[in-house]
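Working notes, beginning with the structure itself.
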Amino acid sequence: IYQKLRDRICSVQYPPGSILRETELAEEFNISRTPIRHVLTTLEHDGLLVVKHGVGNIVSEIEPRELVEIFTVRMILWQSAGDFFVSPFPEGAAEQFTEYKAAFQSVEAGDVVGFGRANNAYYTGLAELITNSTLRDTILKLFFQTSRMWLVSLPALDWEEVIVAVSDELDELNRLIRLEDPIGLGLAARNHVFMARRRILEGLDMKLEEVRKPI
């Protein structure tokens with residue numbers, strides 16, 4: 001249930017501002033409200049929900065300044081990840097990234113939910129190559145905390161250009177895995193996060209310098 005709700009939030013099936021009600025979710029999953037409450041508490045801890053008294057559990061929004069700060073930490077983590085990838089890479093790992101590429105390319109233009117699902121699968125697959133569980137879990141937590149902002153900004157971007165860019169990034173990861181280059185893989189992932197931040201800000205019609213200005 002946790003994973004399903006998290007994926008719905010991160011693929012903007014539940015857009016920022018949506019209210020998640022315990023009774024409705026308990027009815028959907030045919031369980032009592034107690035386990036639903038535990039799941040919602042975990043999602044709140046992950047930064048995906050905020051609780052407002054008298055309103056309920058609301059899908060959180062991320063301010064641009066906070067977004068940039070999180071992306072900065074994500075870049076630092078990926079840059080440090082090279083020493084913690086599984087070695088050698090599992091058989092079939094490179095081919096998996098070819099499948100991720102095909103998934104992105106099969107998404108119809110404008111289908112942000114489909115894009116979000118493809119993005120969640122790809123990023124989870126990449127993180128699963130990390131052997132250090134604390135690093136892996138932190139990378140995934142920060143990804144899921146911010147990934148929906150990709151989808152919020154996506155309609156303002158050129159769809160075809162985004163798909164080409166993401167496909168090129170996946171080709172690069174594929175190549176580095178085949179070369180058994182974990183350090184290069186971590187640096188490439190870092191650069192891809194950098195480019196994702198740039199695209200998101202472009203879609204929000206904001207510049208990095210503006211977001212970083214002191215309050």
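Each chain in the structure tokens gets a letter, A, B and so on, in the order shown; residues start at 1 in every chain, and ligands are counted from 1 in the order they appear.
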
Would you tabulate, counting only C-alpha atoms, all residues of region 46-107 of chain A that have an atom at most 10 Å from an atom of region 185-204 of chain A, showing the closest pair of atoms and their distance in Å to one decimal, sorted by chain then ascending number, as a Markdown table?
| residue | atom | partner | partner_atom | distance |
| --- | --- | --- | --- | --- |
| A:Pro64 | CA | A:Leu201 | CA | 8.0 |
| A:Leu67 | CA | A:Arg197 | CA | 8.4 |
| A:Val68 | CA | A:Arg197 | CA | 7.3 |
| A:Ile70 | CA | A:Arg197 | CA | 9.9 |
| A:Phe71 | CA | A:Arg197 | CA | 6.7 |
| A:Thr72 | CA | A:Phe194 | CA | 8.1 |
| A:Arg74 | CA | A:Val193 | CA | 7.2 |
| A:Met75 | CA | A:Arg190 | CA | 4.7 |
| A:Ile76 | CA | A:Arg190 | CA | 7.3 |
| A:Leu77 | CA | A:Arg190 | CA | 7.9 |
| A:Trp78 | CA | A:Arg190 | CA | 5.0 |
| A:Gln79 | CA | A:Leu187 | CA | 5.1 |
| A:Ser80 | CA | A:Gly186 | CA | 6.9 |
| A:Ala81 | CA | A:Gly186 | CA | 5.3 |
| A:Gly82 | CA | A:Gly186 | CA | 4.8 |
| A:Asp83 | CA | A:Gly186 | CA | 8.6 |
| A:Phe84 | CA | A:Gly186 | CA | 9.2 |
| A:Phe85 | CA | A:Gly186 | CA | 8.5 |

Q: Please identify which residues in region 2-213 of chain A DSSP calls alpha helix (DSSP H) from the backbone, and express them as a ChimeraX atom specification.
A: /A:2-10,22-29,33-45,64-79,93-106,112-127,133-153,159-178,182-203,208-211

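Using only C-alpha atoms, the residues found no farther than 10 Å from Ser11 (chain A), other than those of its own chain fewer than 6 positions away, are Leu5, Val112, Val113, Gly114, Phe115, Gly116, Arg117, Ala118, Asn119, Asn120, Phe144, Ser147, Arg148, Met149, Trp150, Leu151 and Val152 of chain A.
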
Q: Find the residues around Asp181 (chain A) up to 10 Å (only C-alpha atoms counted), leave out those fewer than 6 positions away in its own chain, and share them as a list in words.
A: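 So, after excluding close chain neighbours, the residues are Gly82, Phe85, Ser87, Pro88, Phe89, Leu173 and Arg175 of chain A.
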
Write out, as a PDB file, in the first residue's frame, the residues just selected, with all heavy atoms.
ATOM      1  N   GLY A  82      30.123   6.080  -6.555  1.00  0.00           N
ATOM      2  CA  GLY A  82      30.916   5.174  -7.384  1.00  0.00           C
ATOM      3  C   GLY A  82      31.544   4.018  -6.632  1.00  0.00           C
ATOM      4  O   GLY A  82      31.614   2.897  -7.146  1.00  0.00           O
ATOM      5  N   PHE A  85      28.792   0.890  -5.782  1.00  0.00           N
ATOM      6  CA  PHE A  85      28.031   0.086  -6.726  1.00  0.00           C
ATOM      7  C   PHE A  85      28.469  -1.374  -6.620  1.00  0.00           C
ATOM      8  O   PHE A  85      29.624  -1.672  -6.327  1.00  0.00           O
ATOM      9  CB  PHE A  85      28.252   0.570  -8.165  1.00  0.00           C
ATOM     10  CG  PHE A  85      27.450   1.789  -8.521  1.00  0.00           C
ATOM     11  CD1 PHE A  85      28.077   2.993  -8.789  1.00  0.00           C
ATOM     12  CD2 PHE A  85      26.063   1.731  -8.591  1.00  0.00           C
ATOM     13  CE1 PHE A  85      27.340   4.118  -9.122  1.00  0.00           C
ATOM     14  CE2 PHE A  85      25.320   2.856  -8.921  1.00  0.00           C
ATOM     15  CZ  PHE A  85      25.959   4.055  -9.188  1.00  0.00           C
ATOM     16  N   SER A  87      29.861  -4.811  -7.662  1.00  0.00           N
ATOM     17  CA  SER A  87      30.940  -5.079  -8.614  1.00  0.00           C
ATOM     18  C   SER A  87      31.264  -6.574  -8.616  1.00  0.00           C
ATOM     19  O   SER A  87      31.497  -7.163  -7.553  1.00  0.00           O
ATOM     20  CB  SER A  87      32.179  -4.274  -8.239  1.00  0.00           C
ATOM     21  OG  SER A  87      33.239  -4.516  -9.129  1.00  0.00           O
ATOM     22  N   PRO A  88      31.250  -7.174  -9.795  1.00  0.00           N
ATOM     23  CA  PRO A  88      30.887  -6.591 -11.088  1.00  0.00           C
ATOM     24  C   PRO A  88      29.387  -6.349 -11.168  1.00  0.00           C
ATOM     25  O   PRO A  88      28.631  -6.852 -10.339  1.00  0.00           O
ATOM     26  CB  PRO A  88      31.332  -7.670 -12.084  1.00  0.00           C
ATOM     27  CG  PRO A  88      31.190  -8.948 -11.306  1.00  0.00           C
ATOM     28  CD  PRO A  88      31.606  -8.603  -9.903  1.00  0.00           C
ATOM     29  N   PHE A  89      28.957  -5.569 -12.138  1.00  0.00           N
ATOM     30  CA  PHE A  89      27.537  -5.320 -12.302  1.00  0.00           C
ATOM     31  C   PHE A  89      26.823  -6.631 -12.644  1.00  0.00           C
ATOM     32  O   PHE A  89      27.382  -7.495 -13.318  1.00  0.00           O
ATOM     33  CB  PHE A  89      27.301  -4.286 -13.408  1.00  0.00           C
ATOM     34  CG  PHE A  89      27.752  -2.904 -13.040  1.00  0.00           C
ATOM     35  CD1 PHE A  89      28.796  -2.290 -13.737  1.00  0.00           C
ATOM     36  CD2 PHE A  89      27.143  -2.212 -12.007  1.00  0.00           C
ATOM     37  CE1 PHE A  89      29.219  -1.021 -13.401  1.00  0.00           C
ATOM     38  CE2 PHE A  89      27.562  -0.939 -11.657  1.00  0.00           C
ATOM     39  CZ  PHE A  89      28.604  -0.334 -12.347  1.00  0.00           C
ATOM     40  N   LEU A 173      24.443   5.551 -19.370  1.00  0.00           N
ATOM     41  CA  LEU A 173      24.497   4.633 -18.232  1.00  0.00           C
ATOM     42  C   LEU A 173      24.701   3.199 -18.710  1.00  0.00           C
ATOM     43  O   LEU A 173      25.478   2.435 -18.114  1.00  0.00           O
ATOM     44  CB  LEU A 173      23.210   4.747 -17.418  1.00  0.00           C
ATOM     45  CG  LEU A 173      22.925   6.117 -16.793  1.00  0.00           C
ATOM     46  CD1 LEU A 173      21.613   6.083 -16.016  1.00  0.00           C
ATOM     47  CD2 LEU A 173      24.063   6.575 -15.893  1.00  0.00           C
ATOM     48  N   ARG A 175      26.249   2.240 -21.401  1.00  0.00           N
ATOM     49  CA  ARG A 175      27.638   2.106 -21.853  1.00  0.00           C
ATOM     50  C   ARG A 175      28.592   1.952 -20.665  1.00  0.00           C
ATOM     51  O   ARG A 175      29.503   1.111 -20.685  1.00  0.00           O
ATOM     52  CB  ARG A 175      28.025   3.336 -22.678  1.00  0.00           C
ATOM     53  CG  ARG A 175      29.467   3.327 -23.196  1.00  0.00           C
ATOM     54  CD  ARG A 175      29.753   4.585 -23.999  1.00  0.00           C
ATOM     55  NE  ARG A 175      29.637   5.793 -23.200  1.00  0.00           N
ATOM     56  CZ  ARG A 175      30.603   6.262 -22.400  1.00  0.00           C
ATOM     57  NH1 ARG A 175      31.757   5.601 -22.292  1.00  0.00           N
ATOM     58  NH2 ARG A 175      30.421   7.377 -21.719  1.00  0.00           N
TER      59      ARG A 175
END

Which region 48-105 of chain A residues have any atom within 8 Å of an atom of region 19-28 of chain A, and for each, what is the nearest pair of atoms with distance in Å to one decimal, counting only C-alpha atoms, rows sorted by chain and number, as a tab-separated table?
residue	atom	partner	partner_atom	distance
A:Val55	CA	A:Ile19	CA	7.9
A:Gly56	CA	A:Ile19	CA	6.5
A:Asn57	CA	A:Leu20	CA	5.3
A:Ile58	CA	A:Ile19	CA	4.5
A:Val59	CA	A:Ile19	CA	6.5

(Q) Just checking: using only C-alpha atoms, which residue out of A:Leu170, A:Cys10, A:Ile1, A:Leu49 ends up closest to Glu95 (chain A)? (A) A:Leu170

Q. Which one of A:Asp168, A:Val73, A:Ile130, A:Ile177 sits closest to Gln96 (chain A) if you count only C-alpha atoms?
A.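 Distance minimum relative to Gln96 (chain A) lands on A:Ile177.
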
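Assigned to strand (DSSP E) in region 3-176 of chain A, given DSSP computed from backbone atoms, are Ile19, Leu20, Leu49, Val50, Val51, Lys52, Gly56, Asn57, Ile58 and Val59 of chain A.
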
Just to be explicit: take each residue in the selection above, keep C-alpha atoms, and write the result as a short mmCIF file (atom, residue, chain, number, x, y, z; two decimals), in the first residue's frame.
data_model
loop_
_atom_site.label_atom_id
_atom_site.label_comp_id
_atom_site.auth_asym_id
_atom_site.auth_seq_id
_atom_site.Cartn_x
_atom_site.Cartn_y
_atom_site.Cartn_z
CA ILE A 19 -6.22 15.35 0.13
CA LEU A 20 -5.81 11.67 1.04
CA LEU A 49 2.43 14.56 2.80
CA VAL A 50 1.71 17.31 5.28
CA VAL A 51 -0.98 17.02 7.95
CA LYS A 52 -3.28 19.98 8.54
CA GLY A 56 -6.32 15.94 6.62
CA ASN A 57 -3.34 14.50 4.80
CA ILE A 58 -2.35 16.76 1.93
CA VAL A 59 0.15 15.98 -0.82
#

(Q) What does the structure give for the distance between CA of Pro155 (chain A) and CA of Gly110 (chain A), in Å to one decimal? (A)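 Atom-to-atom, CA of Pro155 (chain A) to CA of Gly110 (chain A), that is 6.8 Å.
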
**Q.** From A:Asp205, A:Glu108, A:Glu172, A:Glu128, residue lying nearest Ala156 (chain A) [only C-alpha atoms]
**A.** A:Asp205
